[in-house]
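Scroll down for the structure; my scribbles are underneath it.
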Amino acid sequence: FSIGALHISAAGTFSDDVVTLTSAQADGPLGLSLTASGTLPITGTGANLSFQASAPLALANRFLIDRGTQLSGTLQAQGTLTGSLDDPNIQANLTAAGAQVIDPLANIGLNNVNLAASISGQTVNIATLSAAIAGGGTATASGTISLDAAAGFPADLNIALAQARYADGDFIVATASGNLSISGPLARDPLIAGQIFVERADLSAPENLGGGPA
């Protein structure tokens, strides 16, 4: 995995196995950037770094190339890192505005994706995540996701659909509203529950669908 060339600059001191950064900056492709300042012990605890980061969502597209999913927009982060290099404690706010997701295999497009979230240690708290569905309607979500990979990323999420219109491109066009909850480890068969009300559904059968004259 490579994100391309990074241009790094830093100013500070190193004494008694502690790096003290007056300023540090890294810049990469597509507008990727990170600035930081503070203290960082090479061993032991006592880290106290402040940082700001800007990450283009398009960097994730290479992981999604098999299904052709395309992300656009920018994720902004601002926070602190304390503790140690071996066991860092990150507290940060995450935001995104006007992002876009296009998934051609699922025939789904999300526009004007807005995110307000925070990271506290091993937990991502989603205050609000909203999007306009390309076919019509909106989707919103909130809740928590644990970053504990060994536990399968446990989550507790609530999702609301409002007149969400979906077309598979072949047979189905449907408009639905409702609320869903997702709980349990996202990587290990999470529980999905809730109610969806299908306001309208149109099914189209192609002229060449099976059979022949009786």
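Note on naming: chains are A, B, ... as they come in the structure tokens, residues start from 1 per chain, ligands start from 1 in the order shown.
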- Item | All residues 7 Å or closer to Gly79 of chain A, only C-alpha atoms, same chain fewer than 3 positions away omitted, as a PyMOL selection string | chain A and resi 50-52+91-93
- Query: Excluding same-chain residues fewer than 4 positions from segment 161-178 of chain A, what lies within 8 Å of it counting only C-alpha atoms, as a list in words?
  - Reply: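 Listed by chain and then number, they are Ala106, Asn107, Ile108, Ile133, Gly135, Gly136, Gly137, Thr138, Ala139, Thr140, Gly194, Gln195, Ile196, Phe197, Val198, Glu199, Arg200, Ala201, Asp202, Leu203, Ser204, Ala205 and Pro206 of chain A.
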Distance query Ala24 of chain A at most 9 Å, only C-alpha atoms, self and fewer than 2 positions along chain excluded, as a PDB file with N, CA and C atoms, in the first residue's frame:
```pdb
ATOM      1  N   ILE A   8       7.935  16.083   3.806  1.00  0.00           N
ATOM      2  CA  ILE A   8       7.901  16.243   5.256  1.00  0.00           C
ATOM      3  C   ILE A   8       8.914  17.300   5.687  1.00  0.00           C
ATOM      4  N   SER A   9       8.473  18.176   6.562  1.00  0.00           N
ATOM      5  CA  SER A   9       9.371  19.156   7.162  1.00  0.00           C
ATOM      6  C   SER A   9       9.075  19.231   8.651  1.00  0.00           C
ATOM      7  N   ALA A  10      10.117  19.482   9.451  1.00  0.00           N
ATOM      8  CA  ALA A  10       9.926  19.539  10.898  1.00  0.00           C
ATOM      9  C   ALA A  10      10.979  20.438  11.518  1.00  0.00           C
ATOM     10  N   ALA A  11      10.595  21.028  12.653  1.00  0.00           N
ATOM     11  CA  ALA A  11      11.521  21.836  13.430  1.00  0.00           C
ATOM     12  C   ALA A  11      11.293  21.519  14.891  1.00  0.00           C
ATOM     13  N   GLY A  12      12.391  21.343  15.656  1.00  0.00           N
ATOM     14  CA  GLY A  12      12.245  21.013  17.065  1.00  0.00           C
ATOM     15  C   GLY A  12      13.554  20.554  17.657  1.00  0.00           C
ATOM     16  N   LEU A  21       8.498  18.904  19.155  1.00  0.00           N
ATOM     17  CA  LEU A  21       8.230  19.482  17.842  1.00  0.00           C
ATOM     18  C   LEU A  21       7.691  20.903  18.001  1.00  0.00           C
ATOM     19  N   THR A  22       8.455  21.854  17.485  1.00  0.00           N
ATOM     20  CA  THR A  22       7.914  23.208  17.370  1.00  0.00           C
ATOM     21  C   THR A  22       6.860  23.236  16.287  1.00  0.00           C
ATOM     22  N   ALA A  26       3.466  17.431   6.940  1.00  0.00           N
ATOM     23  CA  ALA A  26       3.600  16.445   5.869  1.00  0.00           C
ATOM     24  C   ALA A  26       2.526  16.721   4.835  1.00  0.00           C
ATOM     25  N   LEU A  34      -0.871  17.065   6.950  1.00  0.00           N
ATOM     26  CA  LEU A  34      -0.865  16.838   8.387  1.00  0.00           C
ATOM     27  C   LEU A  34       0.098  17.829   9.022  1.00  0.00           C
ATOM     28  N   THR A  35      -0.357  18.531  10.049  1.00  0.00           N
ATOM     29  CA  THR A  35       0.516  19.387  10.831  1.00  0.00           C
ATOM     30  C   THR A  35       0.418  18.971  12.289  1.00  0.00           C
ATOM     31  N   ALA A  36       1.523  19.094  13.015  1.00  0.00           N
ATOM     32  CA  ALA A  36       1.544  18.667  14.415  1.00  0.00           C
ATOM     33  C   ALA A  36       2.575  19.473  15.184  1.00  0.00           C
ATOM     34  N   SER A  37       2.367  19.547  16.502  1.00  0.00           N
ATOM     35  CA  SER A  37       3.338  20.162  17.394  1.00  0.00           C
ATOM     36  C   SER A  37       3.150  19.563  18.779  1.00  0.00           C
TER      37      SER A  37
END
```
Just asking: which residues within segment 43-204 of chain A are helix (DSSP H, G or I) according to DSSP, as a compact mmCIF listing (two decimals) with N, CA and C atoms, in the first residue's frame?
```txt
# COMPACT_ATOMS: atom_id res chain seq x y z
N LEU A 57 -10.83 11.87 0.41
CA LEU A 57 -11.47 10.55 0.43
C LEU A 57 -11.10 9.72 -0.79
N ALA A 58 -10.66 10.38 -1.86
CA ALA A 58 -10.28 9.66 -3.08
C ALA A 58 -9.11 8.73 -2.85
N LEU A 59 -8.34 8.92 -1.77
CA LEU A 59 -7.24 8.00 -1.47
C LEU A 59 -7.75 6.59 -1.23
N ALA A 60 -9.02 6.45 -0.82
CA ALA A 60 -9.58 5.12 -0.56
C ALA A 60 -10.03 4.41 -1.83
N ASN A 61 -10.07 5.12 -2.95
CA ASN A 61 -10.62 4.52 -4.17
C ASN A 61 -9.82 3.32 -4.64
N ARG A 62 -8.52 3.31 -4.39
CA ARG A 62 -7.70 2.18 -4.84
C ARG A 62 -8.08 0.88 -4.13
N PHE A 63 -8.63 0.99 -2.90
CA PHE A 63 -9.08 -0.20 -2.18
C PHE A 63 -10.42 -0.70 -2.72
N LEU A 64 -11.14 0.15 -3.44
CA LEU A 64 -12.48 -0.17 -3.91
C LEU A 64 -12.52 -0.37 -5.41
N ALA A 149 -10.33 -4.00 16.32
CA ALA A 149 -10.37 -4.95 15.22
C ALA A 149 -10.51 -6.38 15.70
N ALA A 150 -9.88 -6.72 16.83
CA ALA A 150 -9.95 -8.08 17.35
C ALA A 150 -11.38 -8.46 17.71
N ALA A 151 -12.19 -7.49 18.08
CA ALA A 151 -13.59 -7.74 18.43
C ALA A 151 -14.52 -7.59 17.24
```
- Message: For a quick check of understanding, using only C-alpha atoms, which of A:Gln70, A:Thr80, A:Thr123, A:Thr128 has the smallest distance to Val101 of chain A?
- Response: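 Closest to Val101 of chain A of all the choices is A:Gln70.
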- Query: Given the choices A:Gly98, A:Pro154, A:Pro29, A:Gly83, which gets closest to Pro190 of chain A if the distance is worked out from only C-alpha atoms?
  - Reply: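 Nearest candidate to Pro190 of chain A out of A:Gly98, A:Pro154, A:Pro29, A:Gly83: A:Pro154.
Atom to atom, atom CA of Asp103 of chain A and atom CA of Ser33 of chain A stand 26.6 Å apart.
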- Proximity to Ala132 of chain A - best of A:Val113, A:Ala55, A:Leu71, A:Ala155, only C-alpha atoms: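 Between A:Val113, A:Ala55, A:Leu71, A:Ala155, the residue approaching Ala132 of chain A most closely is A:Val113.
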- By how many Å are atom CA of Thr39 of chain A and atom CA of Ser120 of chain A apart?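 Computing the Euclidean distance for atom CA of Thr39 of chain A and atom CA of Ser120 of chain A yields 19.8 Å.
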- Query: Quick one: distance from atom CA of Ala116 of chain A to atom CA of Leu94 of chain A in Å, one decimal?
  - Reply: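 We find that atom CA of Ala116 of chain A and atom CA of Leu94 of chain A lie 6.0 Å from each other.
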- Task: Considering only C-alpha atoms, return as a PyMOL selection string whatever protein or nucleic-acid residues lie within 9 Å of Pro88 of chain A, sequence-local ones (same chain, fewer than 5 positions apart) excluded.
- Result: chain A and resi 45+47+81-83+121
- Query: Between A:Gly68, A:Gly109, A:Gly31, A:Gly38, which has the minimum distance to Phe14 of chain A (counting only C-alpha atoms)?
  - Reply: A:Gly38
- Item | Selection near Ser84 of chain A, 9 Å with only C-alpha atoms, sequence-local residues under 4 positions removed, as a list in words |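 Selected residues are Leu40, Pro41, Ile42, Thr43, Gly44, Thr45, Gly46, Ala47, Asn48, Pro88 and Asn89 of chain A.
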- Query: Please, which residues of segment 13-212 of chain A, numbered as in this document, come out strand (DSSP E or B) from DSSP, as a ChimeraX atom specification?
  - Reply: /A:13-15,18-27,33-41,47-56,70-72,74-83,88-103,108-120,123-133,138-146,154-167,172-185,191-203
- Query: When distances are computed from only C-alpha atoms, which of A:Asn114, A:Ala187, A:Ala53, A:Leu105 shows the smallest separation from Asp148 of chain A?
  - Reply: A:Ala187
